[in-house]
$ cat model.txt   # compact mmCIF, C-alpha atoms and all ligand atoms
# COMPACT_ATOMS: atom_id res chain seq x y z
CA MET H 1175 75.35 4.31 65.15
CA SER H 1176 78.03 1.84 66.13
CA TRP H 1177 78.70 0.38 62.72
CA SER H 1178 82.22 0.18 61.40
CA ALA H 1179 83.88 -1.18 58.28
CA PRO H 1180 83.00 -4.79 57.37
CA GLY H 1181 84.20 -7.03 60.16
CA GLY H 1182 84.02 -10.23 58.16
CA PRO H 1183 81.46 -12.26 56.32
CA GLY H 1184 78.20 -13.59 57.74
CA ARG H 1185 76.83 -17.00 56.84
CA ILE H 1186 78.24 -17.43 53.35
CA ALA H 1187 77.87 -20.51 51.14
CA GLY H 1188 80.40 -21.90 48.62
CA ASP H 1189 79.75 -19.36 45.86
CA GLY H 1190 79.60 -16.50 48.34
CA ALA H 1191 75.78 -16.48 48.40
CA VAL H 1192 73.80 -15.49 51.48
CA VAL H 1193 70.12 -16.45 51.59
CA ALA H 1194 67.35 -14.97 53.74
CA ARG H 1195 63.61 -15.34 53.71
CA ALA H 1196 60.74 -13.32 55.15
CA PRO H 1197 57.04 -14.09 55.62
CA ALA H 1198 53.80 -12.65 54.31
CA LYS H 1199 51.50 -10.98 56.84
CA ILE H 1200 47.80 -10.70 57.31
CA ASN H 1201 46.11 -7.98 59.36
CA VAL H 1202 43.80 -9.71 61.81
CA HIS H 1203 42.71 -6.25 62.94
CA LEU H 1204 43.12 -3.05 60.95
CA ALA H 1205 41.65 0.19 62.30
CA VAL H 1206 42.44 3.25 60.17
CA GLY H 1207 42.25 6.79 61.54
CA PRO H 1208 41.92 10.00 59.52
CA LEU H 1209 44.56 11.10 56.99
CA ARG H 1210 47.55 12.73 58.76
CA SER H 1211 49.38 15.78 57.47
CA ASP H 1212 52.32 13.55 56.35
CA GLY H 1213 50.08 11.64 53.90
CA PHE H 1214 49.79 8.54 56.10
CA HIS H 1215 46.89 7.33 58.22
CA GLU H 1216 47.13 6.63 61.93
CA LEU H 1217 46.67 2.87 62.44
CA ARG H 1218 45.96 0.33 65.11
CA THR H 1219 46.63 -3.02 63.52
CA VAL H 1220 47.34 -6.55 64.65
CA TYR H 1221 49.79 -8.21 62.29
CA LEU H 1222 50.16 -11.99 62.02
CA ALA H 1223 53.13 -13.42 60.09
CA VAL H 1224 52.09 -16.49 58.06
CA SER H 1225 53.90 -19.37 56.39
CA LEU H 1226 54.25 -18.00 52.88
CA PHE H 1227 57.78 -16.75 52.21
CA ASP H 1228 59.80 -14.79 49.69
CA THR H 1229 63.49 -15.68 49.46
CA VAL H 1230 66.28 -13.19 48.81
CA THR H 1231 69.74 -14.38 47.72
CA VAL H 1232 72.65 -11.95 47.69
CA ARG H 1233 76.11 -12.50 46.20
CA PRO H 1234 79.23 -10.36 46.01
CA GLY H 1235 78.97 -7.98 43.05
CA ASP H 1236 80.22 -4.77 41.52
CA GLY H 1237 77.51 -2.16 42.10
CA LEU H 1238 73.90 -3.31 42.56
CA ALA H 1239 72.12 -5.77 40.29
CA LEU H 1240 68.59 -7.06 40.95
CA GLU H 1241 66.66 -9.93 39.46
CA VAL H 1242 63.08 -10.87 40.38
CA ALA H 1243 61.76 -14.37 39.77
CA GLY H 1244 58.68 -16.41 40.71
CA GLU H 1245 55.08 -15.41 41.49
CA GLY H 1246 54.12 -12.23 39.64
CA ALA H 1247 57.60 -11.55 38.26
CA ALA H 1248 56.32 -11.52 34.67
CA ALA H 1249 53.97 -8.49 34.97
CA THR H 1250 55.50 -5.33 33.51
CA THR H 1251 52.67 -2.82 33.99
CA GLY H 1252 49.95 -2.03 36.54
CA PRO H 1253 50.00 -2.62 40.31
CA ASP H 1254 51.34 -6.17 39.80
CA ALA H 1255 54.56 -5.05 38.10
CA VAL H 1256 57.73 -5.64 40.12
CA PRO H 1257 60.48 -3.26 39.00
CA ALA H 1258 64.04 -4.63 39.07
CA ASP H 1259 65.66 -1.23 39.63
CA ARG H 1260 65.79 1.68 42.05
CA ARG H 1261 61.97 1.69 42.37
CA ASN H 1262 62.12 -1.71 44.06
CA LEU H 1263 62.16 -1.58 47.87
CA VAL H 1264 64.98 -4.16 47.87
CA TRP H 1265 67.21 -1.76 45.93
CA ARG H 1266 66.41 1.05 48.36
CA ALA H 1267 67.07 -1.28 51.32
CA ALA H 1268 70.52 -2.08 49.89
CA GLU H 1269 71.38 1.59 49.33
CA LEU H 1270 70.14 2.59 52.78
CA LEU H 1271 72.08 -0.14 54.61
CA ALA H 1272 75.27 0.58 52.64
CA GLU H 1273 74.99 4.31 53.30
CA ARG H 1274 74.35 3.89 57.04
CA ALA H 1275 77.09 1.31 57.47
CA GLY H 1276 79.59 3.23 55.32
CA VAL H 1277 80.23 0.38 52.87
CA ALA H 1278 79.98 0.20 49.08
CA ALA H 1279 76.58 -1.01 47.81
CA ASP H 1280 78.05 -3.96 45.91
CA ALA H 1281 75.75 -6.97 45.56
CA SER H 1282 74.00 -9.12 43.05
CA ILE H 1283 70.50 -9.74 44.44
CA THR H 1284 67.86 -12.28 43.43
CA VAL H 1285 64.32 -12.16 44.81
CA ASP H 1286 62.33 -15.40 44.51
CA LYS H 1287 58.70 -14.50 45.02
CA SER H 1288 56.04 -16.81 46.44
CA ILE H 1289 54.04 -13.98 48.03
CA PRO H 1290 51.67 -12.55 45.41
CA VAL H 1291 52.39 -8.94 44.39
CA ALA H 1292 50.06 -6.06 45.41
CA ALA H 1293 47.89 -8.53 47.30
CA GLY H 1294 47.69 -6.98 50.78
CA LEU H 1295 50.22 -9.51 52.09
CA ALA H 1296 53.26 -7.18 52.43
CA GLY H 1297 55.29 -9.07 49.83
CA GLY H 1298 57.43 -6.05 48.92
CA SER H 1299 58.04 -5.36 52.61
CA ALA H 1300 59.07 -9.00 53.14
CA ASP H 1301 61.59 -8.67 50.30
CA ALA H 1302 63.06 -5.50 51.81
CA ALA H 1303 63.31 -7.08 55.28
CA ALA H 1304 64.98 -10.23 53.91
CA ALA H 1305 67.38 -8.08 51.87
CA LEU H 1306 68.43 -6.11 54.97
CA VAL H 1307 69.19 -9.34 56.84
CA ALA H 1308 71.03 -10.98 53.91
CA LEU H 1309 73.09 -7.91 52.99
CA ASP H 1310 74.01 -7.28 56.62
CA ALA H 1311 75.54 -10.78 56.61
CA LEU H 1312 77.15 -10.44 53.16
CA TRP H 1313 78.73 -7.09 53.95
CA GLY H 1314 79.56 -7.96 57.56
CA THR H 1315 77.94 -4.74 58.70
CA ARG H 1316 76.79 -6.39 61.95
CA ALA H 1317 73.78 -4.17 62.53
CA THR H 1318 71.74 -4.92 65.63
CA ARG H 1319 68.07 -5.89 65.24
CA GLY H 1320 67.20 -2.41 66.55
CA GLU H 1321 69.36 -0.74 63.91
CA LEU H 1322 67.81 -2.87 61.16
CA ALA H 1323 64.33 -2.04 62.51
CA ALA H 1324 65.11 1.69 62.27
CA LEU H 1325 66.15 1.28 58.62
CA ALA H 1326 63.06 -0.88 57.99
CA ALA H 1327 60.77 1.89 59.27
CA GLN H 1328 62.29 4.30 56.75
CA LEU H 1329 61.59 1.89 53.91
CA GLY H 1330 57.87 1.33 54.54
CA SER H 1331 55.14 1.03 57.15
CA ASP H 1332 55.06 -2.80 57.11
CA VAL H 1333 58.81 -3.48 56.80
CA PRO H 1334 59.52 -3.44 60.57
CA PHE H 1335 56.89 -6.14 61.04
CA SER H 1336 58.29 -8.23 58.18
CA LEU H 1337 61.61 -8.11 60.02
CA GLN H 1338 60.12 -8.96 63.42
CA GLY H 1339 57.45 -11.50 62.47
CA GLY H 1340 55.26 -13.37 64.97
CA VAL H 1341 52.25 -11.39 66.12
CA ALA H 1342 52.42 -7.68 66.90
CA LEU H 1343 50.29 -4.65 67.54
CA GLY H 1344 51.25 -1.90 65.10
CA SER H 1345 50.54 1.78 65.73
CA GLY H 1346 51.65 5.06 64.21
CA ARG H 1347 51.56 4.36 60.47
CA GLY H 1348 52.06 0.67 61.36
CA GLU H 1349 55.80 0.85 62.02
CA GLN H 1350 55.67 1.11 65.83
CA LEU H 1351 55.41 -2.45 67.11
CA SER H 1352 54.70 -4.14 70.38
CA PRO H 1353 54.66 -7.93 70.52
CA VAL H 1354 51.42 -9.82 71.17
CA LEU H 1355 51.25 -13.25 72.73
CA ALA H 1356 49.70 -16.07 70.69
CA ARG H 1357 49.73 -19.42 72.47
CA ARG H 1358 48.46 -21.48 69.59
CA ARG H 1359 48.80 -21.97 65.88
CA TRP H 1360 46.22 -20.29 63.65
CA ASP H 1361 45.31 -21.82 60.30
CA TRP H 1362 44.19 -19.62 57.43
CA VAL H 1363 43.48 -20.07 53.75
CA LEU H 1364 44.51 -17.23 51.46
CA GLY H 1365 42.45 -16.69 48.32
CA ILE H 1366 44.08 -14.39 45.78
CA ALA H 1367 41.49 -12.99 43.39
CA GLY H 1368 42.11 -10.98 40.24
CA GLU H 1369 44.95 -8.55 39.71
CA GLY H 1370 46.60 -6.57 42.50
CA LEU H 1371 45.25 -3.45 44.18
CA SER H 1372 47.37 -0.36 44.77
CA THR H 1373 47.67 0.41 48.50
CA PRO H 1374 47.52 4.23 48.10
CA ALA H 1375 44.44 3.83 45.88
CA VAL H 1376 42.63 1.82 48.57
CA TYR H 1377 43.52 4.35 51.29
CA GLY H 1378 42.38 7.11 48.89
CA GLU H 1379 39.05 5.36 48.33
CA LEU H 1380 38.59 5.10 52.12
CA ASP H 1381 39.13 8.88 52.43
CA ARG H 1382 36.70 9.49 49.57
CA LEU H 1383 33.96 7.28 51.08
CA ARG H 1384 34.48 8.96 54.47
CA ALA H 1385 34.33 12.49 53.00
CA ALA H 1386 31.09 11.53 51.21
CA GLY H 1387 29.62 10.40 54.55
CA ARG H 1388 29.32 6.82 53.34
CA LEU H 1389 31.62 5.50 56.08
CA PRO H 1390 32.28 6.73 59.67
CA GLY H 1391 35.10 9.29 59.75
CA GLY H 1392 37.64 7.12 61.58
CA GLU H 1393 38.14 9.55 64.51
CA GLU H 1394 37.43 6.64 66.86
CA LEU H 1395 39.75 3.73 66.16
CA THR H 1396 38.18 0.32 66.76
CA PRO H 1397 40.12 -1.07 69.74
CA PRO H 1398 42.33 -4.11 69.05
CA GLU H 1399 41.88 -5.67 72.51
CA PRO H 1400 39.21 -8.27 71.55
CA VAL H 1401 41.48 -9.59 68.77
CA ILE H 1402 44.50 -9.60 71.07
CA ALA H 1403 42.55 -11.49 73.77
CA ALA H 1404 41.28 -14.02 71.21
CA LEU H 1405 44.74 -14.57 69.73
CA ARG H 1406 46.13 -15.22 73.19
CA SER H 1407 43.80 -18.04 74.08
CA GLY H 1408 41.31 -18.84 71.32
CA PRO H 1409 38.85 -20.39 70.66
CA VAL H 1410 38.61 -19.92 66.89
CA ALA H 1411 35.04 -18.58 67.23
CA ALA H 1412 36.30 -15.73 69.45
CA LEU H 1413 38.88 -14.67 66.87
CA ALA H 1414 36.33 -15.12 64.08
CA ALA H 1415 33.97 -12.73 65.85
CA ALA H 1416 36.71 -10.14 66.45
CA VAL H 1417 38.52 -9.81 63.08
CA SER H 1418 37.94 -6.51 61.29
CA ASN H 1419 39.50 -4.37 58.58
CA ASP H 1420 38.64 -0.73 57.82
CA LEU H 1421 40.21 -1.12 54.37
CA GLN H 1422 37.71 -3.82 53.40
CA PRO H 1423 34.87 -1.42 52.37
CA PRO H 1424 37.15 0.67 50.07
CA ALA H 1425 38.72 -2.51 48.62
CA LEU H 1426 35.19 -3.81 47.89
CA SER H 1427 34.24 -0.46 46.40
CA LEU H 1428 37.20 -0.59 43.98
CA ARG H 1429 36.79 -4.31 43.29
CA PRO H 1430 33.10 -5.34 43.61
CA PRO H 1431 33.69 -9.03 42.71
CA LEU H 1432 35.55 -9.36 46.04
CA ARG H 1433 32.13 -9.49 47.70
CA ARG H 1434 31.48 -12.79 45.94
CA ALA H 1435 34.91 -14.05 46.97
CA LEU H 1436 34.20 -13.29 50.65
CA ARG H 1437 30.83 -15.01 50.38
CA ALA H 1438 32.43 -18.05 48.73
CA ALA H 1439 34.85 -18.37 51.65
CA ALA H 1440 32.04 -18.16 54.21
CA GLU H 1441 29.93 -20.69 52.30
CA ALA H 1442 32.89 -23.07 52.01
CA GLY H 1443 33.05 -23.25 55.82
CA ALA H 1444 35.51 -20.52 56.86
CA ALA H 1445 35.03 -19.43 60.48
CA ALA H 1446 35.60 -15.87 59.23
CA ALA H 1447 36.62 -14.26 55.96
CA VAL H 1448 38.22 -10.84 55.72
CA VAL H 1449 40.16 -8.86 53.14
CA SER H 1450 43.86 -8.85 54.08
CA GLY H 1451 45.30 -5.35 54.41
CA SER H 1452 44.49 -3.30 51.32
CA GLY H 1453 43.50 -6.47 49.45
CA PRO H 1454 42.55 -8.09 47.23
CA THR H 1455 43.58 -11.26 49.09
CA VAL H 1456 40.80 -12.86 51.11
CA ALA H 1457 42.02 -14.40 54.39
CA ALA H 1458 39.73 -17.21 55.52
CA LEU H 1459 40.09 -18.48 59.08
CA ALA H 1460 39.94 -22.28 59.51
CA GLU H 1461 39.14 -24.31 62.64
CA ASP H 1462 42.38 -26.28 62.37
CA GLU H 1463 44.93 -27.65 59.90
CA GLU H 1464 42.59 -30.36 58.62
CA SER H 1465 39.77 -27.88 58.03
CA ALA H 1466 42.25 -25.61 56.24
CA VAL H 1467 43.07 -28.42 53.79
CA ARG H 1468 39.34 -28.98 53.11
CA LEU H 1469 38.72 -25.25 52.78
CA THR H 1470 41.64 -24.91 50.35
CA ALA H 1471 40.19 -27.62 48.10
CA ALA H 1472 36.69 -26.10 48.28
CA LEU H 1473 37.92 -22.60 47.42
CA ALA H 1474 40.21 -23.82 44.64
CA GLY H 1475 37.12 -25.44 43.05
CA GLU H 1476 35.06 -22.24 43.22
CA GLY H 1477 36.77 -20.54 40.29
CA VAL H 1478 36.74 -17.13 42.00
CA PHE H 1479 40.40 -17.21 43.09
CA ARG H 1480 43.54 -17.24 40.94
CA THR H 1481 45.57 -18.92 43.71
CA VAL H 1482 44.52 -20.57 46.98
CA ARG H 1483 47.11 -21.27 49.69
CA ALA H 1484 46.80 -22.86 53.15
CA VAL H 1485 49.08 -21.06 55.63
CA HIS H 1486 49.55 -20.86 59.37
CA GLY H 1487 50.93 -18.37 61.82
CA PRO H 1488 52.60 -17.03 63.76
CA VAL H 1489 55.98 -17.66 62.09
CA PRO H 1490 59.27 -15.80 62.63
CA GLY H 1491 60.28 -12.67 60.72
CA ALA H 1492 63.16 -12.22 58.24
CA ARG H 1493 65.90 -14.81 58.87
CA LEU H 1494 69.03 -16.21 57.23
CA VAL H 1495 68.48 -19.70 55.85
CA GLY H 1496 70.75 -22.50 54.69
O1 LIG I 1 54.48 2.82 54.04
P1 LIG I 1 54.16 2.35 52.66
O2 LIG I 1 55.16 2.85 51.64
O3 LIG I 1 53.94 0.89 52.57
O4 LIG I 1 52.78 3.01 52.28
C1 LIG I 1 52.29 3.01 50.97
C2 LIG I 1 51.15 3.99 50.88
O5 LIG I 1 50.03 3.53 51.62
C3 LIG I 1 51.45 5.38 51.44
O6 LIG I 1 52.08 6.19 50.49
C4 LIG I 1 50.06 5.88 51.81
O7 LIG I 1 49.39 6.32 50.65
C5 LIG I 1 49.36 4.61 52.26
N1 LIG I 1 49.44 4.43 53.73
C6 LIG I 1 48.67 5.25 54.54
N2 LIG I 1 48.71 5.09 55.89
C7 LIG I 1 49.48 4.14 56.45
C8 LIG I 1 50.27 3.28 55.64
C9 LIG I 1 50.22 3.45 54.27
O8 LIG I 1 47.95 6.12 54.05
N3 LIG I 1 49.50 4.00 57.77
$ encode --input "model.txt" --output "structure tokens"
Amino acid sequence: MSWSAPGGPGRIAGDGAVVARAPAKINVHLAVGPLRSDGFHELRTVYLAVSLFDTVTVRPGDGLALEVAGEGAAATTGPDAVPADRRNLVWRAAELLAERAGVAADASITVDKSIPVAAGLAGGSADAAAALVALDALWGTRATRGELAALAAQLGSDVPFSLQGGVALGSGRGEQLSPVLARRRWDWVLGIAGEGLSTPAVYGELDRLRAAGRLPGGEELTPPEPVIAALRSGPVAALAAAVSNDLQPPALSLRPPLRRALRAAAEAGAAAAVVSGSGPTVAALAEDEESAVRLTAALAGEGVFRTVRAVHGPVPGARLVG
């Protein structure tokens, strides 16, 4: 690796703060293969980065300090809890970057969350990706995008996509990306229902349902091409017909009320409604921006969702702001 000692600061504000933000993702297509020997599942997924962002602010410090604020920061137990220590992906991102670049891991880090925790929206991955970008600027480590992507892949399956953003086909455990063309803006409404779901628990439930013969074994991955073709050119109906998620049945099995949430989205006029990633967020596809506003109001009035947010994608990945 070509990194050397800090070559000077990145984009630093008056008090020495560097700010980066990274988007949430939804999986427009998520095909899950059998469990691999390394504990992960082989995936073919189409990621779409959407306009809901977490912000990470880093300042010079002595050692590492982490503070988490905003959506979900209050939970202290269960899948919704966000630890403010070594268990947090942001902390691990800081240690990994410092180690690889040969600098001291000195930073005071604040994560402002808008992306709901344990919601199937890759909020933790977004935080890690934003932290890599912000700390690279703070420490002047001058990593290339490729070097940051390699670190991201070590941190988690979705972190490389949070860094890259846009639309991408993910394979391997999700970390191997190839960009996908999307010529238009896609409007979605996110309905967040109930408390978070643990990603390993949802994958585990998929394995259990498959072993019991209640779901196909996953040897044949559903091809992503129809989704990729629809994303390229539309119309909305083509994408609506093509969206799919192999983690939806296990998410529904662990959280039966999600069935009602999906039905509510369809009845409120969504072109399609699918669980995002491992859930429990419901991603409802809208015809256009205006329909998304109507759909948001309708779903907020249903009483089945804790939070309802209109978003659009694709949007860029982790970036410095300010
Ligand atoms: O990569 P990440 O840390 O986000 O994965 C969290 C968990 O989700 C893994 O420990 C594994 O249980 C499950 N997972 C999986 N197959 C994948 C990605 C994640 O089984 N491709």
$ closest_atom_pairs --input "model.txt" --of "chain H" --to "ligand LIG 1 (chain I)" --cutoff "7 Å" --atoms "all atoms listed in the file" --output "CSV"
residue,atom,partner,partner_atom,distance
H:Leu1209,CA,I:LIG1,O8,6.7
H:Gly1213,CA,I:LIG1,O8,5.9
H:Phe1214,CA,I:LIG1,N2,3.6
H:His1215,CA,I:LIG1,N2,3.7
H:Glu1216,CA,I:LIG1,N3,5.5
H:Leu1217,CA,I:LIG1,N3,5.6
H:Leu1329,CA,I:LIG1,O2,6.9
H:Gly1330,CA,I:LIG1,O1,3.7
H:Ser1331,CA,I:LIG1,O1,3.6
H:Asp1332,CA,I:LIG1,O3,6.0
H:Gly1346,CA,I:LIG1,N3,6.9
H:Arg1347,CA,I:LIG1,N3,3.4
H:Gly1348,CA,I:LIG1,N3,5.5
H:Thr1373,CA,I:LIG1,O5,5.0
H:Pro1374,CA,I:LIG1,O7,3.8
H:Tyr1377,CA,I:LIG1,O8,5.5
$ residues_around --input "model.txt" --residues "Ala1471 in chain H" --least-positions-apart "2" --cutoff "12 Å" --atoms "only C-alpha atoms" --output "ChimeraX atom specification"
/H:1363-1365,1439,1442-1443,1464-1469,1473-1477,1479,1481-1484
$ atom_distance --input "model.txt" --atom1 "CA of Glu1245 in chain H" --atom2 "CA of Pro1290 in chain H"
5.9 Å
$ atom_distance --input "model.txt" --atom1 "CA of Gly1370 in chain H" --atom2 "CA of Ala1300 in chain H"
16.6 Å
$ closest_residue --input "model.txt" --among "H:Arg1195, H:Arg1233, H:Arg1218, H:Arg1384" --to "Ala1302 in chain H" --atoms "only C-alpha atoms"
H:Arg1195
$ closest_atom_pairs --input "model.txt" --of "range 1196-1313 of chain H" --to "range 1335-1344 of chain H" --cutoff "8 Å" --atoms "all atoms listed in the file" --output "tab-separated table"
residue	atom	partner	partner_atom	distance
H:Ala1196	CA	H:Ser1336	CA	6.4
H:Pro1197	CA	H:Ser1336	CA	6.5
H:Ala1198	CA	H:Ser1336	CA	7.4
H:Lys1199	CA	H:Ser1336	CA	7.4
H:Leu1217	CA	H:Gly1344	CA	7.1
H:Arg1218	CA	H:Gly1344	CA	5.7
H:Thr1219	CA	H:Gly1344	CA	5.0
H:Val1220	CA	H:Leu1343	CA	4.5
H:Tyr1221	CA	H:Ala1342	CA	5.3
H:Leu1222	CA	H:Val1341	CA	4.6
H:Ala1223	CA	H:Gly1339	CA	5.3
H:Ala1296	CA	H:Ser1336	CA	7.7
H:Ser1299	CA	H:Ser1336	CA	6.3
H:Ala1300	CA	H:Ser1336	CA	5.2
H:Ala1303	CA	H:Leu1337	CA	5.1
H:Ala1304	CA	H:Leu1337	CA	7.3
$ closest_residue --input "model.txt" --among "H:Ala1293, H:Ala1386, H:Val1224, H:Leu1421" --to "Val1489 in chain H" --atoms "all atoms listed in the file"
H:Val1224
$ atom_distance --input "model.txt" --atom1 "CA of Ala1308 in chain H" --atom2 "CA of Gly1491 in chain H"
12.8 Å
$ residues_around --input "model.txt" --residues "range 1398-1406 of chain H" --least-positions-apart "5" --cutoff "8 Å" --atoms "only C-alpha atoms" --output "PyMOL selection string"
chain H and resi 1202-1203+1218-1220+1354-1358+1412-1413+1416-1417
$ closest_residue --input "model.txt" --among "H:Asp1462, H:Glu1349, H:Glu1269, H:Asp1286" --to "Leu1306 in chain H" --atoms "only C-alpha atoms"
H:Glu1269
$ residues_around --input "model.txt" --residues "Val1256 in chain H" --least-positions-apart "2" --cutoff "12 Å" --atoms "all atoms listed in the file" --output "short mmCIF file (atom, residue, chain, number, x, y, z; two decimals) with C-alpha atoms, in the frame of the given file"
data_model
loop_
_atom_site.label_atom_id
_atom_site.label_comp_id
_atom_site.auth_asym_id
_atom_site.auth_seq_id
_atom_site.Cartn_x
_atom_site.Cartn_y
_atom_site.Cartn_z
CA LEU H 1240 68.59 -7.06 40.95
CA GLU H 1241 66.66 -9.93 39.46
CA VAL H 1242 63.08 -10.87 40.38
CA ALA H 1243 61.76 -14.37 39.77
CA GLY H 1244 58.68 -16.41 40.71
CA GLU H 1245 55.08 -15.41 41.49
CA GLY H 1246 54.12 -12.23 39.64
CA ALA H 1247 57.60 -11.55 38.26
CA ALA H 1248 56.32 -11.52 34.67
CA ALA H 1249 53.97 -8.49 34.97
CA THR H 1250 55.50 -5.33 33.51
CA THR H 1251 52.67 -2.82 33.99
CA GLY H 1252 49.95 -2.03 36.54
CA PRO H 1253 50.00 -2.62 40.31
CA ASP H 1254 51.34 -6.17 39.80
CA ALA H 1258 64.04 -4.63 39.07
CA ASP H 1259 65.66 -1.23 39.63
CA ARG H 1260 65.79 1.68 42.05
CA ARG H 1261 61.97 1.69 42.37
CA ASN H 1262 62.12 -1.71 44.06
CA LEU H 1263 62.16 -1.58 47.87
CA VAL H 1264 64.98 -4.16 47.87
CA TRP H 1265 67.21 -1.76 45.93
CA VAL H 1285 64.32 -12.16 44.81
CA ASP H 1286 62.33 -15.40 44.51
CA LYS H 1287 58.70 -14.50 45.02
CA PRO H 1290 51.67 -12.55 45.41
CA VAL H 1291 52.39 -8.94 44.39
CA ALA H 1292 50.06 -6.06 45.41
CA GLY H 1297 55.29 -9.07 49.83
CA GLY H 1298 57.43 -6.05 48.92
CA ASP H 1301 61.59 -8.67 50.30
CA GLY H 1370 46.60 -6.57 42.50
#
$ closest_residue --input "model.txt" --among "H:Pro1390, H:Gly1276, H:Pro1234, H:Pro1334" --to "Val1192 in chain H" --atoms "all atoms listed in the file"
H:Pro1234
$ residues_near_point --input "model.txt" --point "(69.5, -16.9, 57.4)" --cutoff "9 Å" --atoms "only C-alpha atoms" --output "ChimeraX atom specification"
/H:1185,1192-1195,1304,1307-1308,1311,1492-1496
$ closest_residue --input "model.txt" --among "H:Ala1275, H:Ala1255, H:Ala1326, H:Val1485" --to "Leu1371 in chain H" --atoms "only C-alpha atoms"
H:Ala1255
$ closest_residue --input "model.txt" --among "H:Leu1426, H:Val1333, H:Ile1366, H:Ala1447" --to "Leu1383 in chain H" --atoms "only C-alpha atoms"
H:Leu1426
$ axis_aligned_box --input "model.txt" --around "range 1230-1233 of chain H" --padding-each-side "5 Å" --output "JSON"
{"center_x": 71.2, "center_y": -13.2, "center_z": 47.5, "size_x": 19.8, "size_y": 12.4, "size_z": 12.6}
$ build_atoms --input "model.txt" --residues "range 1193-1210 of chain H" --atoms "N, CA and C atoms" --output "compact mmCIF listing (two decimals), in the coordinates of the input"
# COMPACT_ATOMS: atom_id res chain seq x y z
N VAL H 1193 71.54 -16.31 51.88
CA VAL H 1193 70.12 -16.45 51.59
C VAL H 1193 69.30 -16.09 52.83
N ALA H 1194 68.28 -15.28 52.64
CA ALA H 1194 67.35 -14.97 53.74
C ALA H 1194 65.94 -15.08 53.22
N ARG H 1195 65.01 -15.34 54.13
CA ARG H 1195 63.61 -15.34 53.71
C ARG H 1195 62.77 -14.57 54.72
N ALA H 1196 61.64 -14.09 54.26
CA ALA H 1196 60.74 -13.32 55.15
C ALA H 1196 59.30 -13.68 54.79
N PRO H 1197 58.42 -13.62 55.81
CA PRO H 1197 57.04 -14.09 55.62
C PRO H 1197 56.08 -13.03 55.11
N ALA H 1198 54.96 -13.51 54.57
CA ALA H 1198 53.80 -12.65 54.31
C ALA H 1198 53.13 -12.32 55.64
N LYS H 1199 52.30 -11.28 55.65
CA LYS H 1199 51.50 -10.98 56.84
C LYS H 1199 50.04 -10.87 56.46
N ILE H 1200 49.19 -11.12 57.46
CA ILE H 1200 47.80 -10.70 57.31
C ILE H 1200 47.49 -9.76 58.48
N ASN H 1201 46.54 -8.85 58.27
CA ASN H 1201 46.11 -7.98 59.36
C ASN H 1201 44.84 -8.59 59.94
N VAL H 1202 44.96 -9.10 61.16
CA VAL H 1202 43.80 -9.71 61.81
C VAL H 1202 42.87 -8.61 62.31
N HIS H 1203 43.46 -7.44 62.54
CA HIS H 1203 42.71 -6.25 62.94
C HIS H 1203 43.36 -5.08 62.23
N LEU H 1204 42.55 -4.23 61.61
CA LEU H 1204 43.12 -3.05 60.95
C LEU H 1204 42.15 -1.89 61.10
N ALA H 1205 42.46 -1.02 62.06
CA ALA H 1205 41.65 0.19 62.30
C ALA H 1205 42.42 1.37 61.73
N VAL H 1206 41.78 2.14 60.87
CA VAL H 1206 42.44 3.25 60.17
C VAL H 1206 41.84 4.58 60.61
N GLY H 1207 42.69 5.45 61.13
CA GLY H 1207 42.25 6.79 61.54
C GLY H 1207 42.22 7.73 60.35
N PRO H 1208 41.96 9.02 60.61
CA PRO H 1208 41.92 10.00 59.52
C PRO H 1208 43.30 10.19 58.89
N LEU H 1209 43.32 10.79 57.71
CA LEU H 1209 44.56 11.10 56.99
C LEU H 1209 45.38 12.11 57.80
N ARG H 1210 46.67 11.81 58.01
CA ARG H 1210 47.55 12.73 58.76
C ARG H 1210 48.17 13.74 57.79
